[in-house]
Each structure stands twice: as C-alpha cells, then as structure tokens.
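**Student:** One file: final-v8.txt (compact mmCIF, C-alpha atoms and all ligand atoms).
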# COMPACT_ATOMS: atom_id res chain seq x y z
CA MET A 1 130.26 34.99 86.35
CA ASP A 2 127.27 35.95 88.51
CA LEU A 3 129.69 37.10 91.19
CA ILE A 4 131.34 39.49 88.73
CA HIS A 5 127.96 41.01 87.91
CA LYS A 6 127.08 41.33 91.58
CA PHE A 7 130.37 43.16 92.17
CA ILE A 8 129.88 45.47 89.16
CA ASN A 9 126.25 46.15 90.17
CA ILE A 10 127.48 47.63 93.46
CA VAL A 11 130.77 49.28 92.51
CA PHE A 12 129.97 50.73 89.06
CA PRO A 13 127.08 53.02 90.16
CA ILE A 14 129.14 54.40 93.07
CA VAL A 15 132.23 55.06 90.93
CA SER A 16 130.06 56.55 88.19
CA PHE A 17 128.29 58.87 90.60
CA ILE A 18 131.63 60.18 91.91
CA LEU A 19 132.95 60.63 88.35
CA PHE A 20 129.76 62.45 87.24
CA ILE A 21 130.35 65.08 89.94
CA TYR A 22 133.60 66.05 88.17
CA ILE A 23 132.85 65.14 84.57
CA ILE A 24 129.45 66.80 84.09
CA PRO A 25 130.55 70.37 85.04
CA ALA A 26 133.77 69.99 82.98
CA LEU A 27 131.82 68.67 79.98
CA SER A 28 129.25 71.46 80.27
CA LEU A 29 132.05 74.04 80.22
CA TYR A 30 133.66 72.34 77.21
CA ARG A 31 130.28 72.33 75.39
CA LEU A 32 129.78 76.03 76.15
CA LEU A 33 133.26 76.95 74.90
CA ARG A 34 132.83 74.86 71.74
CA PHE A 35 129.42 76.44 71.13
CA CYS A 36 130.89 79.95 71.46
CA ILE A 37 133.86 79.24 69.17
CA ARG A 38 131.72 77.55 66.51
CA SER A 39 129.07 80.28 66.69
CA VAL A 40 131.72 82.90 65.93
CA ARG A 41 133.11 80.92 62.98
CA PRO A 42 130.27 78.82 61.50
CA GLU A 43 130.70 76.85 58.27
CA ASN A 44 130.29 78.89 55.09
CA ILE A 45 127.61 77.05 53.11
CA ALA A 46 127.47 79.33 50.07
CA GLY A 47 127.60 77.14 46.95
CA LYS A 48 127.28 73.89 48.94
CA VAL A 49 124.87 71.28 47.53
CA VAL A 50 122.09 70.45 49.98
CA LEU A 51 119.46 67.76 49.34
CA ILE A 52 116.29 68.15 51.42
CA THR A 53 113.58 65.47 51.53
CA GLY A 54 110.05 66.60 52.34
CA ALA A 55 110.79 70.11 51.06
CA SER A 56 107.30 70.94 49.79
CA ALA A 57 105.91 71.98 53.18
CA GLY A 58 106.60 72.71 56.84
CA ILE A 59 110.11 72.34 58.22
CA GLY A 60 111.63 71.10 54.94
CA GLU A 61 110.20 74.05 53.01
CA HIS A 62 111.57 76.56 55.53
CA LEU A 63 114.94 74.79 55.65
CA ALA A 64 115.09 75.37 51.88
CA TYR A 65 114.50 79.12 52.42
CA GLU A 66 117.07 79.30 55.21
CA TYR A 67 119.73 77.48 53.15
CA ALA A 68 118.84 79.69 50.17
CA LYS A 69 119.53 82.84 52.23
CA HIS A 70 123.04 81.47 52.84
CA GLY A 71 123.59 80.87 49.11
CA ALA A 72 123.44 77.06 49.09
CA ARG A 73 122.48 75.13 45.93
CA LEU A 74 119.43 72.98 46.53
CA ALA A 75 117.87 69.68 45.47
CA LEU A 76 114.30 69.62 46.77
CA VAL A 77 112.46 66.30 47.07
CA ALA A 78 108.78 65.51 47.80
CA ARG A 79 105.78 63.86 46.14
CA ARG A 80 103.97 67.07 45.08
CA GLU A 81 106.05 68.47 42.23
CA GLU A 82 103.91 71.56 41.58
CA VAL A 83 104.22 72.67 45.23
CA LEU A 84 107.97 72.01 45.14
CA ALA A 85 108.24 74.28 42.08
CA VAL A 86 106.72 77.15 44.06
CA VAL A 87 109.16 76.54 46.96
CA ALA A 88 112.05 76.41 44.45
CA GLY A 89 111.00 79.78 42.96
CA LYS A 90 110.96 81.42 46.39
CA ALA A 91 114.31 79.82 47.32
CA LYS A 92 115.88 81.34 44.19
CA GLU A 93 114.44 84.75 45.08
CA LEU A 94 115.97 84.41 48.55
CA GLY A 95 119.46 83.84 47.16
CA SER A 96 120.00 80.24 46.09
CA PRO A 97 122.06 80.21 42.86
CA GLU A 98 120.57 76.91 41.64
CA VAL A 99 117.58 74.83 42.68
CA ILE A 100 116.27 71.57 41.22
CA VAL A 101 113.06 69.80 42.20
CA ILE A 102 112.64 66.04 42.15
CA LYS A 103 109.27 64.34 42.52
CA ALA A 104 109.88 61.24 44.62
CA ASP A 105 108.49 59.09 47.40
CA VAL A 106 111.13 58.37 50.07
CA SER A 107 109.40 55.14 51.06
CA LYS A 108 110.33 53.68 47.66
CA LEU A 109 113.89 52.39 47.40
CA GLU A 110 114.15 53.10 43.65
CA ASP A 111 113.01 56.71 44.21
CA CYS A 112 115.74 57.24 46.83
CA LYS A 113 118.39 56.05 44.37
CA ARG A 114 116.92 58.22 41.62
CA PHE A 115 116.84 61.48 43.58
CA VAL A 116 120.42 61.04 44.76
CA ASP A 117 121.54 60.17 41.19
CA GLU A 118 119.67 63.17 39.73
CA THR A 119 121.29 65.48 42.28
CA ILE A 120 124.76 64.17 41.40
CA ASN A 121 124.06 64.30 37.65
CA HIS A 122 123.03 67.92 37.95
CA PHE A 123 125.46 69.34 40.53
CA GLY A 124 128.29 66.79 40.35
CA GLU A 125 128.54 66.64 44.14
CA LEU A 126 126.57 66.44 47.39
CA ASP A 127 127.57 68.19 50.63
CA CYS A 128 124.58 67.68 52.86
CA LEU A 129 121.63 65.29 53.00
CA ILE A 130 118.69 66.38 55.14
CA ASN A 131 116.38 63.49 56.04
CA ASN A 132 113.27 65.45 56.85
CA ALA A 133 110.28 63.80 55.12
CA GLY A 134 107.90 62.43 57.72
CA ILE A 135 104.31 61.48 58.42
CA VAL A 136 102.19 60.75 61.49
CA ILE A 137 98.99 58.75 62.05
CA THR A 138 97.23 59.03 65.42
CA GLY A 139 95.14 56.49 67.28
CA LEU A 140 95.23 53.95 70.10
CA PHE A 141 97.19 50.84 69.17
CA GLU A 142 94.36 48.58 70.38
CA ASP A 143 91.89 50.39 68.09
CA GLN A 144 93.88 49.62 64.95
CA LYS A 145 91.75 47.34 62.81
CA CYS A 146 94.57 46.44 60.48
CA ILE A 147 98.09 46.43 61.92
CA THR A 148 99.65 47.04 58.49
CA ASP A 149 97.87 50.43 58.24
CA HIS A 150 100.70 51.99 60.23
CA THR A 151 103.68 50.42 58.48
CA SER A 152 103.78 53.42 56.13
CA ILE A 153 105.02 55.52 59.08
CA MET A 154 108.06 53.30 59.43
CA ASP A 155 108.51 53.21 55.63
CA VAL A 156 108.65 57.00 55.36
CA ASN A 157 110.18 58.12 58.68
CA PHE A 158 112.71 55.34 59.24
CA TRP A 159 113.35 53.49 55.97
CA GLY A 160 113.00 56.71 53.94
CA SER A 161 115.96 58.24 55.79
CA VAL A 162 117.96 55.00 55.88
CA ASN A 163 117.55 54.35 52.15
CA ALA A 164 118.30 57.92 51.09
CA THR A 165 121.42 57.84 53.29
CA HIS A 166 122.53 54.53 51.73
CA PHE A 167 122.64 56.03 48.24
CA ALA A 168 124.09 59.38 49.38
CA LEU A 169 126.99 57.92 51.42
CA PRO A 170 129.62 57.54 48.64
CA HIS A 171 129.07 61.16 47.57
CA LEU A 172 129.06 62.51 51.13
CA LYS A 173 132.29 60.63 51.77
CA LYS A 174 133.93 62.39 48.81
CA SER A 175 132.80 65.83 49.98
CA LYS A 176 133.38 65.09 53.68
CA GLY A 177 129.78 66.12 54.04
CA ARG A 178 127.03 65.88 56.62
CA ILE A 179 123.81 63.99 57.27
CA VAL A 180 121.06 65.86 59.09
CA VAL A 181 118.19 63.92 60.65
CA ILE A 182 114.97 65.65 61.63
CA GLY A 183 113.96 63.62 64.66
CA SER A 184 111.42 64.17 67.37
CA CYS A 185 111.38 64.38 71.17
CA GLY A 186 108.56 61.82 70.75
CA GLY A 187 111.36 59.29 70.28
CA TRP A 188 112.01 59.41 74.04
CA PHE A 189 109.10 61.45 75.49
CA ASN A 190 106.42 58.94 74.60
CA THR A 191 102.90 60.28 74.27
CA PRO A 192 99.89 57.98 73.80
CA LYS A 193 98.19 57.49 70.41
CA VAL A 194 101.35 57.90 68.34
CA SER A 195 103.09 54.66 69.28
CA VAL A 196 104.37 53.77 65.81
CA TYR A 197 105.41 57.37 65.05
CA ASN A 198 107.36 57.53 68.34
CA ALA A 199 108.94 54.15 67.58
CA SER A 200 109.96 55.34 64.10
CA LYS A 201 111.70 58.37 65.62
CA ALA A 202 113.44 56.27 68.30
CA ALA A 203 114.64 53.86 65.60
CA GLN A 204 115.86 56.77 63.47
CA GLN A 205 117.82 58.20 66.41
CA SER A 206 119.41 54.84 67.24
CA PHE A 207 120.33 54.11 63.61
CA PHE A 208 122.00 57.49 63.00
CA ASP A 209 123.78 57.45 66.38
CA THR A 210 125.32 54.14 65.32
CA LEU A 211 126.13 55.45 61.85
CA ARG A 212 127.89 58.46 63.37
CA LEU A 213 130.40 56.09 65.00
CA GLU A 214 130.92 54.17 61.77
CA LEU A 215 131.35 57.25 59.56
CA ALA A 216 133.50 59.53 61.74
CA PRO A 217 135.55 61.51 60.90
CA ASP A 218 134.65 61.52 57.17
CA ILE A 219 130.95 62.32 57.49
CA GLY A 220 129.30 64.30 60.29
CA VAL A 221 125.85 63.50 61.63
CA THR A 222 123.52 66.06 63.21
CA ILE A 223 120.41 64.72 64.92
CA ILE A 224 117.67 67.26 65.57
CA ASN A 225 115.20 66.57 68.39
CA LEU A 226 112.12 68.70 67.94
CA GLY A 227 109.20 69.49 70.20
CA LEU A 228 105.99 70.78 68.63
CA VAL A 229 106.47 72.88 65.50
CA ASP A 230 103.67 74.79 63.84
CA THR A 231 103.25 72.80 60.60
CA ARG A 232 100.44 70.84 58.97
CA LEU A 233 101.77 67.69 60.73
CA ALA A 234 101.04 69.16 64.18
CA THR A 235 97.34 69.74 63.56
CA THR A 236 95.00 70.81 66.34
CA GLU A 237 93.50 67.32 66.23
CA PHE A 238 96.94 65.70 66.62
CA ILE A 239 97.87 67.93 69.55
CA TYR A 240 94.64 67.29 71.47
CA GLU A 241 94.56 63.57 70.72
CA THR A 242 98.09 63.17 72.03
CA ASN A 243 97.44 65.36 75.12
CA LEU A 244 100.10 67.83 74.05
CA ASP A 245 97.85 70.89 74.17
CA TRP A 246 99.84 72.19 77.17
CA ALA A 247 103.02 72.51 75.09
CA PRO A 248 103.78 75.80 73.34
CA MET A 249 104.60 75.47 69.65
CA LEU A 250 107.72 76.67 67.89
CA SER A 251 107.29 78.74 64.76
CA VAL A 252 108.51 76.87 61.70
CA GLN A 253 110.70 79.83 60.69
CA SER A 254 112.63 79.97 63.97
CA CYS A 255 112.89 76.18 63.98
CA ALA A 256 114.46 76.16 60.49
CA LYS A 257 116.86 78.96 61.47
CA ALA A 258 117.97 77.08 64.61
CA ILE A 259 118.55 73.91 62.57
CA VAL A 260 120.70 75.61 59.93
CA ASN A 261 122.72 77.44 62.61
CA SER A 262 123.27 74.15 64.42
CA VAL A 263 124.40 72.37 61.25
CA ARG A 264 126.77 75.24 60.42
CA ARG A 265 128.30 74.89 63.90
CA GLY A 266 128.79 71.17 63.24
CA ASP A 267 126.69 70.15 66.28
CA GLU A 268 126.09 66.47 66.86
CA TYR A 269 122.70 67.16 68.44
CA LEU A 270 120.21 69.96 68.64
CA THR A 271 117.11 69.98 70.85
CA GLU A 272 114.49 72.63 70.14
CA PRO A 273 112.96 74.09 72.23
CA LYS A 274 115.91 74.00 74.61
CA TRP A 275 113.73 73.40 77.70
CA MET A 276 113.02 69.90 76.40
CA HIS A 277 116.53 69.09 77.73
CA THR A 278 115.07 69.47 81.23
CA VAL A 279 112.14 67.21 80.33
CA PHE A 280 114.77 64.67 79.22
CA MET A 281 116.37 64.86 82.69
CA TRP A 282 112.96 64.23 84.29
CA MET A 283 112.49 61.21 82.03
CA LEU A 284 115.96 59.93 82.90
CA PHE A 285 115.76 60.27 86.68
CA THR A 286 112.04 60.02 87.49
CA ARG A 287 110.75 57.68 84.79
CA GLU A 288 108.10 55.93 86.96
CA LEU A 289 106.75 59.30 88.11
CA MET A 290 106.58 60.62 84.53
CA ASN A 291 104.87 57.42 83.36
CA LYS A 292 102.28 57.71 86.13
CA ALA A 293 101.61 61.40 85.37
CA ARG A 294 101.22 60.77 81.64
CA HIS A 295 99.00 57.78 82.26
CA LEU A 296 96.72 59.84 84.54
CA VAL A 297 96.41 62.60 81.93
CA HIS A 298 95.71 60.04 79.23
CA ALA A 299 93.13 58.17 81.35
CA LYS A 300 91.31 61.44 82.11
CA ARG A 301 91.34 62.45 78.46
CA GLY A 302 90.11 58.99 77.42
CA LYS A 303 86.73 59.90 78.91
CA THR A 304 86.60 62.99 76.77
CA LYS A 305 85.22 63.03 73.27
CA LEU A 306 86.84 65.45 70.88
CA HIS A 307 84.60 67.20 68.48
CA ARG A 308 86.98 67.48 65.61
CA GLN A 309 87.18 71.07 64.72
CA LYS A 310 90.18 71.67 62.58
CA SER A 311 90.06 75.44 62.71
CA ARG A 312 93.45 76.85 63.55
CA THR A 313 95.20 80.10 62.87
CA SER A 314 98.93 80.08 62.44
CA GLY A 315 100.80 79.76 65.72
CA SER A 316 97.78 79.70 68.01
CA LEU A 317 95.26 77.01 68.81
CA GLN A 318 91.54 77.56 68.56
CA PRO A 319 89.65 76.10 71.51
CA LEU A 320 88.11 72.74 70.71
CA ASP A 321 84.61 71.70 71.64
CA LEU A 322 85.20 69.10 74.37
CA LYS A 323 82.23 67.00 75.44
CA HIS A 324 82.11 64.35 78.15
CA ASP A 325 80.35 61.03 77.73
N1 LIG A 401 105.77 69.50 63.25
C1 LIG A 401 106.18 68.97 64.39
O1 LIG A 401 105.66 69.29 65.47
C2 LIG A 401 107.34 68.01 64.40
C3 LIG A 401 107.88 67.67 65.64
C4 LIG A 401 108.95 66.79 65.68
C5 LIG A 401 109.47 66.27 64.52
N2 LIG A 401 108.91 66.62 63.31
C6 LIG A 401 109.49 66.01 62.12
O2 LIG A 401 109.78 67.01 61.16
C7 LIG A 401 109.72 66.44 59.87
C8 LIG A 401 108.93 67.36 58.96
O3 LIG A 401 107.61 67.45 59.45
P1 LIG A 401 106.68 68.73 59.23
O4 LIG A 401 106.15 69.09 60.56
O5 LIG A 401 107.38 69.75 58.41
O6 LIG A 401 105.49 68.04 58.42
P2 LIG A 401 104.69 68.52 57.11
O7 LIG A 401 104.46 69.98 57.17
O8 LIG A 401 103.54 67.61 57.02
O9 LIG A 401 105.72 68.23 55.92
C9 LIG A 401 106.10 66.91 55.63
C10 LIG A 401 106.91 66.90 54.36
O10 LIG A 401 107.26 65.55 54.08
C11 LIG A 401 106.89 65.24 52.75
N3 LIG A 401 106.57 63.82 52.64
C12 LIG A 401 105.67 63.10 53.34
N4 LIG A 401 105.66 61.83 52.93
C13 LIG A 401 106.61 61.74 51.96
C14 LIG A 401 107.09 60.67 51.15
N5 LIG A 401 106.59 59.43 51.24
N6 LIG A 401 108.07 60.95 50.25
C15 LIG A 401 108.57 62.18 50.12
N7 LIG A 401 108.17 63.23 50.86
C16 LIG A 401 107.19 63.00 51.77
C17 LIG A 401 105.69 66.14 52.45
O11 LIG A 401 105.59 66.42 51.06
P3 LIG A 401 104.60 65.71 50.01
O12 LIG A 401 103.30 65.52 50.71
O13 LIG A 401 104.55 66.68 48.87
O14 LIG A 401 105.29 64.44 49.64
C18 LIG A 401 106.12 67.41 53.17
O15 LIG A 401 106.96 68.17 52.35
C19 LIG A 401 109.11 65.05 60.03
O16 LIG A 401 110.12 64.08 59.96
C20 LIG A 401 108.51 65.08 61.42
O17 LIG A 401 108.47 63.82 62.02
C21 LIG A 401 107.87 67.48 63.24
Would you mind giving the structure from this file in structure tokens?
Ligand SMILES: NC(=O)c1ccc[n+]([C@@H]2O[C@H](COP(=O)([O-])OP(=O)(O)OC[C@H]3O[C@@H](n4cnc5c(N)ncnc54)[C@H](OP(=O)(O)O)[C@@H]3O)[C@@H](O)[C@H]2O)c1
**Tutor:**
Amino acid sequence: MDLIHKFINIVFPIVSFILFIYIIPALSLYRLLRFCIRSVRPENIAGKVVLITGASAGIGEHLAYEYAKHGARLALVARREEVLAVVAGKAKELGSPEVIVIKADVSKLEDCKRFVDETINHFGELDCLINNAGIVITGLFEDQKCITDHTSIMDVNFWGSVNATHFALPHLKKSKGRIVVIGSCGGWFNTPKVSVYNASKAAQQSFFDTLRLELAPDIGVTIINLGLVDTRLATTEFIYETNLDWAPMLSVQSCAKAIVNSVRRGDEYLTEPKWMHTVFMWMLFTRELMNKARHLVHAKRGKTKLHRQKSRTSGSLQPLDLKHD
C-alpha cells in the first residue's frame, strides 16, 4: 500500500504539471467563450420570485434594488421590519411588481421555515434563494473571554444559509431555480482577528460546493467571493483591526450589479474584485511566503493601539489616530 502511495507521490505531480500546460489555456478559452455567450443572452428574471436574506442593509438591500430594476418579485427577509419596509417601497419604485417583507432571524430554524413558507404562500413559487445575511465580530481568538460569544457568527453565516436552503430546496427543485451564496475571500485569504468569521465563510463555501454536485442539474449554485465592500459590516474599525486598510473597497452598488449579472449568466462562481483571483494564485503557490508576510504585518500592528474613531464617509476612509505603546 505504501509503495502505491510512493509511486503516486512521484508520478501524479509530474503528469498533472504536463496536463496543466494544455488544460489551463484550453479551459481559460472555454470560460471566456462561455462568458461572452452568456453575457449576450442572460437569463430574463422579470417576474421571477427572489428571496433575499439580510435585505434591510448593505449588499442585500442593493441586491433587492438591482433585482427590482429587472422586474423580479421579491421576498425580503431581515430582523428589522421597519427598515425592510423602506427598502420594499424603494424596490417597488424601481420596478418590482410585488414585494413582501418578512421579519425573521436566519439563525433560528423555525424562522427559516416560516419565511420560505410565507414566500410560497404569497407567490406560489420560488426561483432564487439568496443567502446573504451575515455578521462579523472582530478580536484575537486568545482574547475571547467566553468561547461561546462567537458561535452566533456560525449560527447566522453558516447555519442561517444551510437552514434556509433546506426549506427552500423542494420549491427550487420544482422551478429549476438557483441558490446564491454571498461568501467572502476571507474564507481562503485568512486575516487575523476574524478567525470564526473566516471559518464560517470557508464552511459555507465547502457546503455549497458539495451541494452543487448533489443538486445538478436541477438547481444551480452561484458562490460569490467578495473582497471589501462599503457597507456597515466593513467599518473603519473592522478594516484597521484586520490590517485590511491597504485594500480598496468596492461600492455596494457596483457589487450588487456584478452579482445580479453573474447570476443571470448562470455562473458557478464570481470573485469581486477580479484582482482577488491573482491573490488566490499567490495563496495557492506561495502559501508559506504569504503566511510570513501576513504574520509580519499583524505582529507590527499588534504594537499599535487603535484609537477607535468611527468617522467614515461613504467610500473613503478617514485617517485613524494611531498611537504606539
Ligand atoms: N461588506 C463586506 O466587505 C463583505 C465582504 C465579504 C462578504 N460579505 C458578506 O456579505 C453579506 C452581507 O454583508 P453586508 O456587508 O451587506 O453587511 P450589513 O450591511 O451589515 O448587512 C447585513 C444584513 O444581514 C442582516 N442580518 C444580520 N443578522 C441577521 C439575522 N440573524 N437574521 C436575519 N438577517 C440578519 C442585517 O439585517 P438586520 O440587522 O435587520 O437583521 C442586514 O440586512 C454577509 O454575508 C457578509 O459576510 C461582506
């Protein structure tokens, strides 16, 4: 048995390397052609029923506006009903023929069942489920006084999308619909002080990649990998604490537009901004180097005390008052 592994250890990398030389350019060309064809004839989503979790703010809110512009019917879910009502009003003004709002907490199993049931009771069908609701808590793992403080991240980001998907599946199967997952590059580009958040996004990616295989060809799955987007989640404090102040932010409007275009093309994955693909390559081929670089940045920043100054204007960071010990 060991001999077999020794043989495979030597032969498989060599054969793979030779195959990659031919396969990667061919696959890139195929992807480009598919992108062009699907961009010319994207899916018509007018009248389609789209359920968006976390639609009261940020990316979810702007996805609602983008879907509304294309004439989709919407079920908007979040915990703050009064804010959802305002989003629903604007979505109707932008062109959605019908919008319902459902106050629910995605971390509660019974709420997930209820918002899917209410959507079906109202519209009679479901074409697309967008698992967007998410939260983040920052801090060093070793500083956590109570380990259970961070389980809510997993409950919302991971279990919230898994549970909602569980109840939506029979309806999506009927409509040959689609699941959209709003993931994060943090799932593979790990930054310090958001360990549980990053883990929740990695778990989400792995779960929905597996589900894609189980559900094809009846239900499509689009996984979105996002860098920093200008929402209340990516606060100035969050960005500085996680040493991400070097990274330019995407506007939430262009992010929502890119997501809807990607879903209409039937993409399996979307990474925004696109240059994060190159960061992925660095992570893949020079992992030790990337770990060292991120550790050095983190160690340097560890000696720096942040004076929490939450002032921020949309799209641009205000300088923070940094003081050394
Ligand atoms: N912003 C970024 O830089 C970034 C980067 C990568 C990935 N993402 C992902 O994008 C998604 C949206 O984030 P965002 O930036 O738009 O954040 P946001 O502006 O804070 O919006 C989060 C949304 O989720 C809802 N929500 C939170 N907890 C919920 C719960 N338990 N049940 C139901 N709804 C809940 C919030 O509404 P209520 O408070 O009314 O419930 C709100 O509508 C998240 O999954 C996040 O991980 C964001």
**Student:** Using all atoms listed in the file, give me every residue within 10 Å of (99.6, 64.1, 72.3) in file coordinates, as a VMD selection string.
**Tutor:** chain A and resid 138 186 190 to 194 228 234 237 to 247 298
**Student:** Using all atoms listed in the file, determine which residues fall within 8 Å of ligand LIG 401 (chain A), then list them as number ranges by chain.
**Tutor:** A: 53-61, 77-81, 83-84, 103-108, 131-136, 155-157, 160, 182-186, 197, 201, 225-234, 249, 252
**Student:** What is the distance between atom CA of Arg294 of chain A and atom CA of Gly187 of chain A, in Å to one decimal?
**Tutor:**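 The value is 15.3 Å.
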**Student:** Find the residue from A:Ile137, A:Ile219, A:Val11, A:Ala299 that sits nearest to Asn198 of chain A; use only C-alpha atoms when measuring.
**Tutor:** A:Ile137
**Student:** Residues at most 9 Å from Ala164 of chain A, counting all atoms listed in the file, excluding those fewer than 3 positions away in the same chain, as a VMD selection string?
**Tutor:** chain A and resid 53 106 109 111 to 113 115 to 116 129 131 159 to 161 167 to 169
**Student:** Could you work out how far atom CA of Ser39 of chain A lies from atom CA of Arg265 of chain A, giving the answer in Å with one decimal?
**Tutor:** 6.1 Å
